[in-house]
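Colleague: First the structure, then my questions, so here it is.
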Amino acid sequence: MNILITGCNGQLGNEMQLLEAEYPQHCWYNTDVAELDITDQQAIETFVDEHQIDGIVNCAAYTAVDKAEDNEELCQKLNAEAPAFLAYAIGKRSGWMIQISTDYVFDGTNHTPYTEDEDTCPNSVYGKTKLVGELNVQAHCERSMIIRTAWLYSTFGNNFVKTMIRLGKEKPELGVIFDQIGTPTYARDLARIIMTAIEKGVQPGVYHFSNEGVISWYDFTKAIHRLADITTCHVRPLHTAEYPTPANRPHYSVLDKTKIKQTYGIEIPYWEDSLAECIAQL
């Protein structure tokens, strides 16, 4: 198959590129904005037709959650309109598309893990635009798979794990929020399930994927410091109210992964095992 990867310079896109060598039977087209501007509908259609693309994995997105509150237009372009253009172009060829989405499509008021068929209720610009992106992809591509994930980190780019390691080495004390609960996702694990879906066949619908387990940002930071052997930084628990941000964040965003596990017959690694793997690589 000829497969287009967008956002190849991001966390997930980089992990996808590392795994591609294991799937030499496919022809991979790794693109970022320099190779393909996904806000340009004509450019997408030309690229997809010229390279006879069979499937698209859209790893590109506007993910600066707080900045999105002031950059709604750009966020809308990248998270809502661009996925529509990609889905339309591949849908015309009867191809498939995997769209990466987010736990931010929920408002975080649940107390039990969110399933795929629960009502969405985003309360941030980022969450709202990502939800529109989901709907646009499903409207334009029958063979589309939406994968919602959360708390993504990797050895690439900027992310919470790398920030906490850096700050832990620089500062004697850190305050981290303890009343927001979720599950981290190692981007390599997400890339692996995407590859599994491509190999076994993209099953249309909405799916949830993160690592196993439940944790707060505070507990996550404590684990990061323990695994990175940082002993000189005291980590204090903070209430969300003590650390106001422009964007609302879900207080509880644990995702139920039953559907993706049953559909593809996979086991998902525990968050701390994946964190240890990532930190060993760093």
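Chain identifiers are assigned as A, B, and so on, following the order in which chains appear in the structure tokens; residues are numbered from 1 within each chain, and ligands are numbered from 1 in order of appearance.
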Any idea what's packed within 9 Å of Val137 (chain A), counting only C-alpha atoms, ignoring anything in its chain fewer than 5 positions away? Could you give it as an mmCIF file with all heavy atoms, in the first residue's frame?

Modeller:
```cif
data_model
loop_
_atom_site.group_PDB
_atom_site.id
_atom_site.type_symbol
_atom_site.label_atom_id
_atom_site.label_comp_id
_atom_site.auth_asym_id
_atom_site.auth_seq_id
_atom_site.Cartn_x
_atom_site.Cartn_y
_atom_site.Cartn_z
ATOM 1 N N ALA A 80 -9.778 20.906 12.421
ATOM 2 C CA ALA A 80 -11.119 20.628 11.903
ATOM 3 C C ALA A 80 -11.158 20.593 10.375
ATOM 4 O O ALA A 80 -11.641 19.629 9.771
ATOM 5 C CB ALA A 80 -12.106 21.669 12.436
ATOM 6 N N PRO A 83 -8.349 17.895 8.501
ATOM 7 C CA PRO A 83 -8.793 16.501 8.465
ATOM 8 C C PRO A 83 -9.920 16.260 7.457
ATOM 9 O O PRO A 83 -9.977 15.194 6.825
ATOM 10 C CB PRO A 83 -9.280 16.249 9.900
ATOM 11 C CG PRO A 83 -8.518 17.219 10.732
ATOM 12 C CD PRO A 83 -8.376 18.439 9.879
ATOM 13 N N ALA A 84 -10.795 17.267 7.282
ATOM 14 C CA ALA A 84 -11.869 17.150 6.290
ATOM 15 C C ALA A 84 -11.282 17.047 4.885
ATOM 16 O O ALA A 84 -11.715 16.217 4.069
ATOM 17 C CB ALA A 84 -12.822 18.346 6.380
ATOM 18 N N PHE A 85 -10.283 17.884 4.584
ATOM 19 C CA PHE A 85 -9.630 17.854 3.262
ATOM 20 C C PHE A 85 -8.974 16.498 3.015
ATOM 21 O O PHE A 85 -9.082 15.926 1.922
ATOM 22 C CB PHE A 85 -8.575 18.960 3.151
ATOM 23 C CG PHE A 85 -9.106 20.361 3.258
ATOM 24 C CD1 PHE A 85 -8.277 21.403 3.664
ATOM 25 C CD2 PHE A 85 -10.433 20.665 2.951
ATOM 26 C CE1 PHE A 85 -8.750 22.705 3.762
ATOM 27 C CE2 PHE A 85 -10.915 21.970 3.047
ATOM 28 C CZ PHE A 85 -10.073 22.987 3.457
ATOM 29 N N LEU A 86 -8.269 15.988 4.023
ATOM 30 C CA LEU A 86 -7.594 14.690 3.898
ATOM 31 C C LEU A 86 -8.610 13.568 3.684
ATOM 32 O O LEU A 86 -8.433 12.707 2.818
ATOM 33 C CB LEU A 86 -6.754 14.409 5.151
ATOM 34 C CG LEU A 86 -5.516 15.295 5.358
ATOM 35 C CD1 LEU A 86 -5.027 15.208 6.802
ATOM 36 C CD2 LEU A 86 -4.397 14.906 4.396
ATOM 37 N N ALA A 87 -9.676 13.604 4.482
ATOM 38 C CA ALA A 87 -10.705 12.553 4.390
ATOM 39 C C ALA A 87 -11.422 12.592 3.041
ATOM 40 O O ALA A 87 -11.719 11.549 2.457
ATOM 41 C CB ALA A 87 -11.710 12.725 5.535
ATOM 42 N N TYR A 88 -11.671 13.785 2.557
ATOM 43 C CA TYR A 88 -12.352 13.932 1.268
ATOM 44 C C TYR A 88 -11.478 13.373 0.142
ATOM 45 O O TYR A 88 -11.950 12.625 -0.722
ATOM 46 C CB TYR A 88 -12.674 15.409 1.010
ATOM 47 C CG TYR A 88 -13.388 15.656 -0.302
ATOM 48 C CD1 TYR A 88 -14.728 15.293 -0.466
ATOM 49 C CD2 TYR A 88 -12.718 16.237 -1.378
ATOM 50 C CE1 TYR A 88 -15.380 15.504 -1.674
ATOM 51 C CE2 TYR A 88 -13.361 16.464 -2.584
ATOM 52 C CZ TYR A 88 -14.692 16.090 -2.735
ATOM 53 O OH TYR A 88 -15.335 16.297 -3.933
ATOM 54 N N MET A 97 -8.584 6.032 6.352
ATOM 55 C CA MET A 97 -7.902 7.102 7.087
ATOM 56 C C MET A 97 -7.963 6.832 8.586
ATOM 57 O O MET A 97 -8.986 6.396 9.117
ATOM 58 C CB MET A 97 -8.555 8.454 6.787
ATOM 59 C CG MET A 97 -7.922 9.621 7.554
ATOM 60 S SD MET A 97 -8.453 11.220 6.891
ATOM 61 C CE MET A 97 -7.848 12.324 8.190
ATOM 62 N N ILE A 98 -6.828 7.070 9.260
ATOM 63 C CA ILE A 98 -6.768 7.008 10.719
ATOM 64 C C ILE A 98 -6.531 8.425 11.226
ATOM 65 O O ILE A 98 -5.537 9.067 10.873
ATOM 66 C CB ILE A 98 -5.657 6.056 11.209
ATOM 67 C CG1 ILE A 98 -5.957 4.617 10.755
ATOM 68 C CG2 ILE A 98 -5.525 6.130 12.734
ATOM 69 C CD1 ILE A 98 -4.864 3.611 11.080
ATOM 70 N N GLN A 99 -7.467 8.923 12.007
ATOM 71 C CA GLN A 99 -7.405 10.284 12.555
ATOM 72 C C GLN A 99 -7.151 10.189 14.056
ATOM 73 O O GLN A 99 -7.862 9.496 14.781
ATOM 74 C CB GLN A 99 -8.739 11.007 12.292
ATOM 75 C CG GLN A 99 -8.960 12.293 13.066
ATOM 76 C CD GLN A 99 -8.106 13.468 12.573
ATOM 77 O OE1 GLN A 99 -7.384 13.362 11.580
ATOM 78 N NE2 GLN A 99 -8.189 14.575 13.267
ATOM 79 N N VAL A 132 -14.828 18.484 15.996
ATOM 80 C CA VAL A 132 -15.295 18.800 14.632
ATOM 81 C C VAL A 132 -14.461 18.021 13.612
ATOM 82 O O VAL A 132 -14.981 17.498 12.630
ATOM 83 C CB VAL A 132 -15.236 20.322 14.358
ATOM 84 C CG1 VAL A 132 -15.586 20.622 12.903
ATOM 85 C CG2 VAL A 132 -16.182 21.073 15.286
ATOM 86 N N GLU A 142 -15.668 6.859 4.459
ATOM 87 C CA GLU A 142 -16.399 5.725 5.063
ATOM 88 C C GLU A 142 -15.469 4.799 5.834
ATOM 89 O O GLU A 142 -15.851 4.229 6.849
ATOM 90 C CB GLU A 142 -17.114 4.929 3.965
ATOM 91 C CG GLU A 142 -18.392 5.579 3.470
ATOM 92 C CD GLU A 142 -19.100 4.728 2.429
ATOM 93 O OE1 GLU A 142 -18.834 3.499 2.374
ATOM 94 O OE2 GLU A 142 -19.911 5.279 1.666
ATOM 95 N N SER A 144 -12.972 5.222 7.855
ATOM 96 C CA SER A 144 -12.173 6.045 8.768
ATOM 97 C C SER A 144 -12.208 5.496 10.188
ATOM 98 O O SER A 144 -13.230 5.012 10.663
ATOM 99 C CB SER A 144 -12.651 7.496 8.765
ATOM 100 O OG SER A 144 -13.981 7.581 9.216
ATOM 101 N N MET A 145 -11.057 5.592 10.835
ATOM 102 C CA MET A 145 -10.887 5.142 12.212
ATOM 103 C C MET A 145 -10.411 6.335 13.033
ATOM 104 O O MET A 145 -9.401 6.951 12.712
ATOM 105 C CB MET A 145 -9.842 4.020 12.236
ATOM 106 C CG MET A 145 -9.560 3.431 13.592
ATOM 107 S SD MET A 145 -8.320 2.097 13.423
ATOM 108 C CE MET A 145 -8.316 1.502 15.119
ATOM 109 N N ILE A 146 -11.160 6.678 14.061
ATOM 110 C CA ILE A 146 -10.780 7.760 14.976
ATOM 111 C C ILE A 146 -10.167 7.119 16.216
ATOM 112 O O ILE A 146 -10.799 6.262 16.842
ATOM 113 C CB ILE A 146 -12.011 8.601 15.416
ATOM 114 C CG1 ILE A 146 -12.888 8.999 14.229
ATOM 115 C CG2 ILE A 146 -11.579 9.789 16.272
ATOM 116 C CD1 ILE A 146 -12.287 9.971 13.270
#
```

Colleague: Tell me, as a PyMOL selection string, which residues lie within 6 Å of region 208-213 of chain A, counting only C-alpha atoms; anything in the same chain fewer than 6 positions away does not count.

Modeller: chain A and resi 147-149+185+257+269-271

Colleague: I'd like to know which of A:Asp103, A:Asp66, A:Glu73, A:Asp273 is closest to Asn248 (chain A), using only C-alpha atoms.

Modeller: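 Among the listed residues, A:Asp66 lies closest to Asn248 (chain A).
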
Colleague: Tell me which protein, DNA and RNA residues are within 12 Å of Leu18 (chain A), counting only C-alpha atoms, leaving out same-chain ones fewer than 6 positions away, and put them as an mmCIF file with all heavy atoms, in the first residue's frame.

Modeller:
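Produced file part.cif, reproduced below:
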```cif
data_model
loop_
_atom_site.group_PDB
_atom_site.id
_atom_site.type_symbol
_atom_site.label_atom_id
_atom_site.label_comp_id
_atom_site.auth_asym_id
_atom_site.auth_seq_id
_atom_site.Cartn_x
_atom_site.Cartn_y
_atom_site.Cartn_z
ATOM 1 N N CYS A 8 4.807 14.308 10.354
ATOM 2 C CA CYS A 8 5.858 13.317 10.615
ATOM 3 C C CYS A 8 6.944 13.828 11.552
ATOM 4 O O CYS A 8 7.731 13.044 12.069
ATOM 5 C CB CYS A 8 6.469 12.815 9.309
ATOM 6 S SG CYS A 8 7.557 14.004 8.492
ATOM 7 N N ASN A 9 7.000 15.143 11.786
ATOM 8 C CA ASN A 9 8.023 15.687 12.691
ATOM 9 C C ASN A 9 7.555 15.771 14.142
ATOM 10 O O ASN A 9 8.309 16.181 15.023
ATOM 11 C CB ASN A 9 8.475 17.073 12.227
ATOM 12 C CG ASN A 9 9.226 17.017 10.906
ATOM 13 O OD1 ASN A 9 9.779 15.983 10.548
ATOM 14 N ND2 ASN A 9 9.227 18.115 10.172
ATOM 15 N N GLN A 11 5.641 14.084 17.756
ATOM 16 C CA GLN A 11 5.944 12.927 18.616
ATOM 17 C C GLN A 11 5.507 11.611 17.970
ATOM 18 O O GLN A 11 6.292 10.672 17.832
ATOM 19 C CB GLN A 11 5.241 13.083 19.966
ATOM 20 C CG GLN A 11 5.727 14.227 20.814
ATOM 21 C CD GLN A 11 5.180 14.126 22.218
ATOM 22 O OE1 GLN A 11 5.698 13.382 23.052
ATOM 23 N NE2 GLN A 11 4.110 14.856 22.500
ATOM 24 N N LEU A 12 4.243 11.550 17.583
ATOM 25 C CA LEU A 12 3.702 10.314 17.012
ATOM 26 C C LEU A 12 4.282 10.052 15.626
ATOM 27 O O LEU A 12 4.630 8.919 15.291
ATOM 28 C CB LEU A 12 2.177 10.396 16.955
ATOM 29 C CG LEU A 12 1.454 9.169 16.403
ATOM 30 C CD1 LEU A 12 1.794 7.911 17.204
ATOM 31 C CD2 LEU A 12 -0.060 9.406 16.399
ATOM 32 N N PRO A 24 8.314 -3.134 5.326
ATOM 33 C CA PRO A 24 8.861 -2.714 4.031
ATOM 34 C C PRO A 24 7.940 -3.009 2.852
ATOM 35 O O PRO A 24 8.183 -2.532 1.745
ATOM 36 C CB PRO A 24 10.165 -3.521 3.927
ATOM 37 C CG PRO A 24 9.918 -4.744 4.759
ATOM 38 C CD PRO A 24 9.032 -4.284 5.881
ATOM 39 N N TRP A 28 5.912 4.310 2.239
ATOM 40 C CA TRP A 28 5.541 5.335 3.212
ATOM 41 C C TRP A 28 5.898 6.722 2.706
ATOM 42 O O TRP A 28 7.023 6.957 2.280
ATOM 43 C CB TRP A 28 6.250 5.083 4.548
ATOM 44 C CG TRP A 28 5.967 3.731 5.122
ATOM 45 C CD1 TRP A 28 6.716 2.590 4.955
ATOM 46 C CD2 TRP A 28 4.859 3.354 5.938
ATOM 47 N NE1 TRP A 28 6.138 1.534 5.622
ATOM 48 C CE2 TRP A 28 4.992 1.972 6.238
ATOM 49 C CE3 TRP A 28 3.757 4.056 6.458
ATOM 50 C CZ2 TRP A 28 4.078 1.280 7.027
ATOM 51 C CZ3 TRP A 28 2.847 3.369 7.237
ATOM 52 C CH2 TRP A 28 3.008 1.997 7.515
ATOM 53 N N ASN A 30 6.221 10.201 4.277
ATOM 54 C CA ASN A 30 6.249 10.964 5.524
ATOM 55 C C ASN A 30 6.302 12.451 5.205
ATOM 56 O O ASN A 30 7.247 12.916 4.580
ATOM 57 C CB ASN A 30 7.462 10.551 6.350
ATOM 58 C CG ASN A 30 7.395 9.094 6.753
ATOM 59 O OD1 ASN A 30 6.486 8.687 7.466
ATOM 60 N ND2 ASN A 30 8.343 8.291 6.284
ATOM 61 N N THR A 155 10.212 10.321 23.321
ATOM 62 C CA THR A 155 11.572 10.859 23.372
ATOM 63 C C THR A 155 11.703 12.062 22.441
ATOM 64 O O THR A 155 12.716 12.759 22.464
ATOM 65 C CB THR A 155 12.603 9.793 22.955
ATOM 66 O OG1 THR A 155 12.280 9.333 21.633
ATOM 67 C CG2 THR A 155 12.604 8.614 23.905
ATOM 68 N N PHE A 156 10.692 12.310 21.616
ATOM 69 C CA PHE A 156 10.736 13.388 20.619
ATOM 70 C C PHE A 156 9.971 14.627 21.086
ATOM 71 O O PHE A 156 8.973 14.515 21.808
ATOM 72 C CB PHE A 156 10.128 12.909 19.292
ATOM 73 C CG PHE A 156 10.853 11.751 18.673
ATOM 74 C CD1 PHE A 156 10.352 10.464 18.782
ATOM 75 C CD2 PHE A 156 12.048 11.944 17.990
ATOM 76 C CE1 PHE A 156 11.023 9.387 18.219
ATOM 77 C CE2 PHE A 156 12.728 10.885 17.416
ATOM 78 C CZ PHE A 156 12.217 9.593 17.533
ATOM 79 N N ALA A 187 3.939 7.471 23.043
ATOM 80 C CA ALA A 187 3.636 7.576 21.614
ATOM 81 C C ALA A 187 4.056 6.333 20.834
ATOM 82 O O ALA A 187 3.434 5.984 19.833
ATOM 83 C CB ALA A 187 4.301 8.822 21.032
ATOM 84 N N ARG A 188 5.104 5.643 21.294
ATOM 85 C CA ARG A 188 5.525 4.420 20.597
ATOM 86 C C ARG A 188 4.457 3.330 20.688
ATOM 87 O O ARG A 188 4.228 2.591 19.732
ATOM 88 C CB ARG A 188 6.854 3.908 21.152
ATOM 89 C CG ARG A 188 7.377 2.702 20.374
ATOM 90 C CD ARG A 188 8.858 2.529 20.561
ATOM 91 N NE ARG A 188 9.586 3.744 20.204
ATOM 92 C CZ ARG A 188 10.882 3.925 20.413
ATOM 93 N NH1 ARG A 188 11.600 2.968 20.968
ATOM 94 N NH2 ARG A 188 11.471 5.062 20.072
ATOM 95 N N ALA A 191 1.819 4.270 18.235
ATOM 96 C CA ALA A 191 2.284 3.973 16.870
ATOM 97 C C ALA A 191 2.167 2.483 16.575
ATOM 98 O O ALA A 191 1.789 2.081 15.467
ATOM 99 C CB ALA A 191 3.728 4.445 16.698
ATOM 100 N N ARG A 192 2.452 1.661 17.573
ATOM 101 C CA ARG A 192 2.368 0.200 17.377
ATOM 102 C C ARG A 192 0.934 -0.235 17.074
ATOM 103 O O ARG A 192 0.706 -1.075 16.203
ATOM 104 C CB ARG A 192 2.900 -0.531 18.618
ATOM 105 C CG ARG A 192 4.410 -0.495 18.760
ATOM 106 C CD ARG A 192 4.886 -1.458 19.847
ATOM 107 N NE ARG A 192 6.331 -1.329 20.057
ATOM 108 C CZ ARG A 192 6.892 -0.838 21.161
ATOM 109 N NH1 ARG A 192 6.127 -0.429 22.156
ATOM 110 N NH2 ARG A 192 8.196 -0.761 21.282
ATOM 111 N N MET A 195 0.012 0.671 13.541
ATOM 112 C CA MET A 195 0.580 -0.301 12.600
ATOM 113 C C MET A 195 -0.224 -1.602 12.605
ATOM 114 O O MET A 195 -0.464 -2.206 11.552
ATOM 115 C CB MET A 195 2.046 -0.584 12.947
ATOM 116 C CG MET A 195 2.977 0.586 12.669
ATOM 117 S SD MET A 195 2.960 1.102 10.928
ATOM 118 C CE MET A 195 4.453 2.096 10.845
#
```

Colleague: Within 12 Å of Asp117 (chain A), counting only C-alpha atoms, which residues show up once you throw out same-chain ones fewer than 5 positions away? Write them as a CSV table (one decimal) with C-alpha atoms, in the first residue's frame, please.

Modeller:
```
chain,number,residue,atom,x,y,z
A,106,PHE,CA,-15.0,15.1,27.0
A,205,GLY,CA,-15.4,3.8,14.0
A,206,VAL,CA,-14.2,5.6,17.1
A,207,TYR,CA,-11.7,3.9,19.5
A,208,HIS,CA,-9.9,4.9,22.7
A,255,LEU,CA,-10.4,6.3,28.6
A,256,ASP,CA,-12.0,2.8,28.4
A,259,LYS,CA,-13.2,-1.8,22.2
```

Colleague: Between CA of Met164 (chain A) and CA of Ile193 (chain A), what is the spacing in Å?

Modeller: 26.6 Å

Colleague: Determine, counting only C-alpha atoms, which protein, DNA and RNA residues have an atom within 9 Å of an atom of region 159-163 of chain A; residues of the same chain fewer than 2 positions away are not included. Present the result as a list of chain:residue names.

Modeller: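 Contacts, in chain order: A:Gln11, A:Trp151, A:Leu152, A:Tyr153, A:Ser154, A:Thr155, A:Phe156, A:Gly157, A:Ile165, A:Arg166, A:Leu167, A:Gly168, A:Phe220, A:Thr221, A:Ile224, A:Leu275, A:Ile279, A:Leu282.
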
Colleague: Write the selection just made, keeping N, CA and C atoms, as a compact mmCIF listing (two decimals), in the first residue's frame?

Modeller:
```
# COMPACT_ATOMS: atom_id res chain seq x y z
N GLN A 11 5.64 14.08 17.76
CA GLN A 11 5.94 12.93 18.62
C GLN A 11 5.51 11.61 17.97
N TRP A 151 -2.59 12.47 27.12
CA TRP A 151 -1.33 12.64 27.86
C TRP A 151 -0.15 12.04 27.09
N LEU A 152 -0.02 12.40 25.83
CA LEU A 152 0.99 11.80 24.96
C LEU A 152 2.40 12.30 25.29
N TYR A 153 3.34 11.37 25.32
CA TYR A 153 4.75 11.73 25.54
C TYR A 153 5.63 10.78 24.73
N SER A 154 6.89 11.17 24.53
CA SER A 154 7.85 10.33 23.81
C SER A 154 9.24 10.90 24.01
N THR A 155 10.21 10.32 23.32
CA THR A 155 11.57 10.86 23.37
C THR A 155 11.70 12.06 22.44
N PHE A 156 10.69 12.31 21.62
CA PHE A 156 10.74 13.39 20.62
C PHE A 156 9.97 14.63 21.09
N GLY A 157 10.41 15.80 20.62
CA GLY A 157 9.64 17.02 20.82
C GLY A 157 9.52 17.44 22.27
N ILE A 165 11.58 16.23 33.77
CA ILE A 165 12.98 15.82 33.99
C ILE A 165 13.87 17.07 34.02
N ARG A 166 13.64 17.97 33.07
CA ARG A 166 14.45 19.20 33.02
C ARG A 166 14.25 20.05 34.27
N LEU A 167 12.97 20.28 34.64
CA LEU A 167 12.68 21.11 35.81
C LEU A 167 13.16 20.44 37.10
N GLY A 168 13.05 19.12 37.13
CA GLY A 168 13.51 18.38 38.31
C GLY A 168 14.99 18.54 38.55
N PHE A 220 2.33 11.11 38.42
CA PHE A 220 3.11 10.90 37.20
C PHE A 220 4.49 11.54 37.35
N THR A 221 4.51 12.76 37.88
CA THR A 221 5.77 13.47 38.07
C THR A 221 6.67 12.73 39.07
N ILE A 224 8.18 9.87 37.26
CA ILE A 224 9.20 10.35 36.31
C ILE A 224 10.51 10.61 37.04
N LEU A 275 6.66 4.15 30.58
CA LEU A 275 7.44 5.31 31.03
C LEU A 275 8.90 4.94 31.26
N ILE A 279 12.11 6.59 29.38
CA ILE A 279 13.17 7.27 30.13
C ILE A 279 14.51 6.59 29.90
N LEU A 282 15.79 7.99 26.79
CA LEU A 282 16.26 9.37 26.95
C LEU A 282 17.65 9.41 27.59
```
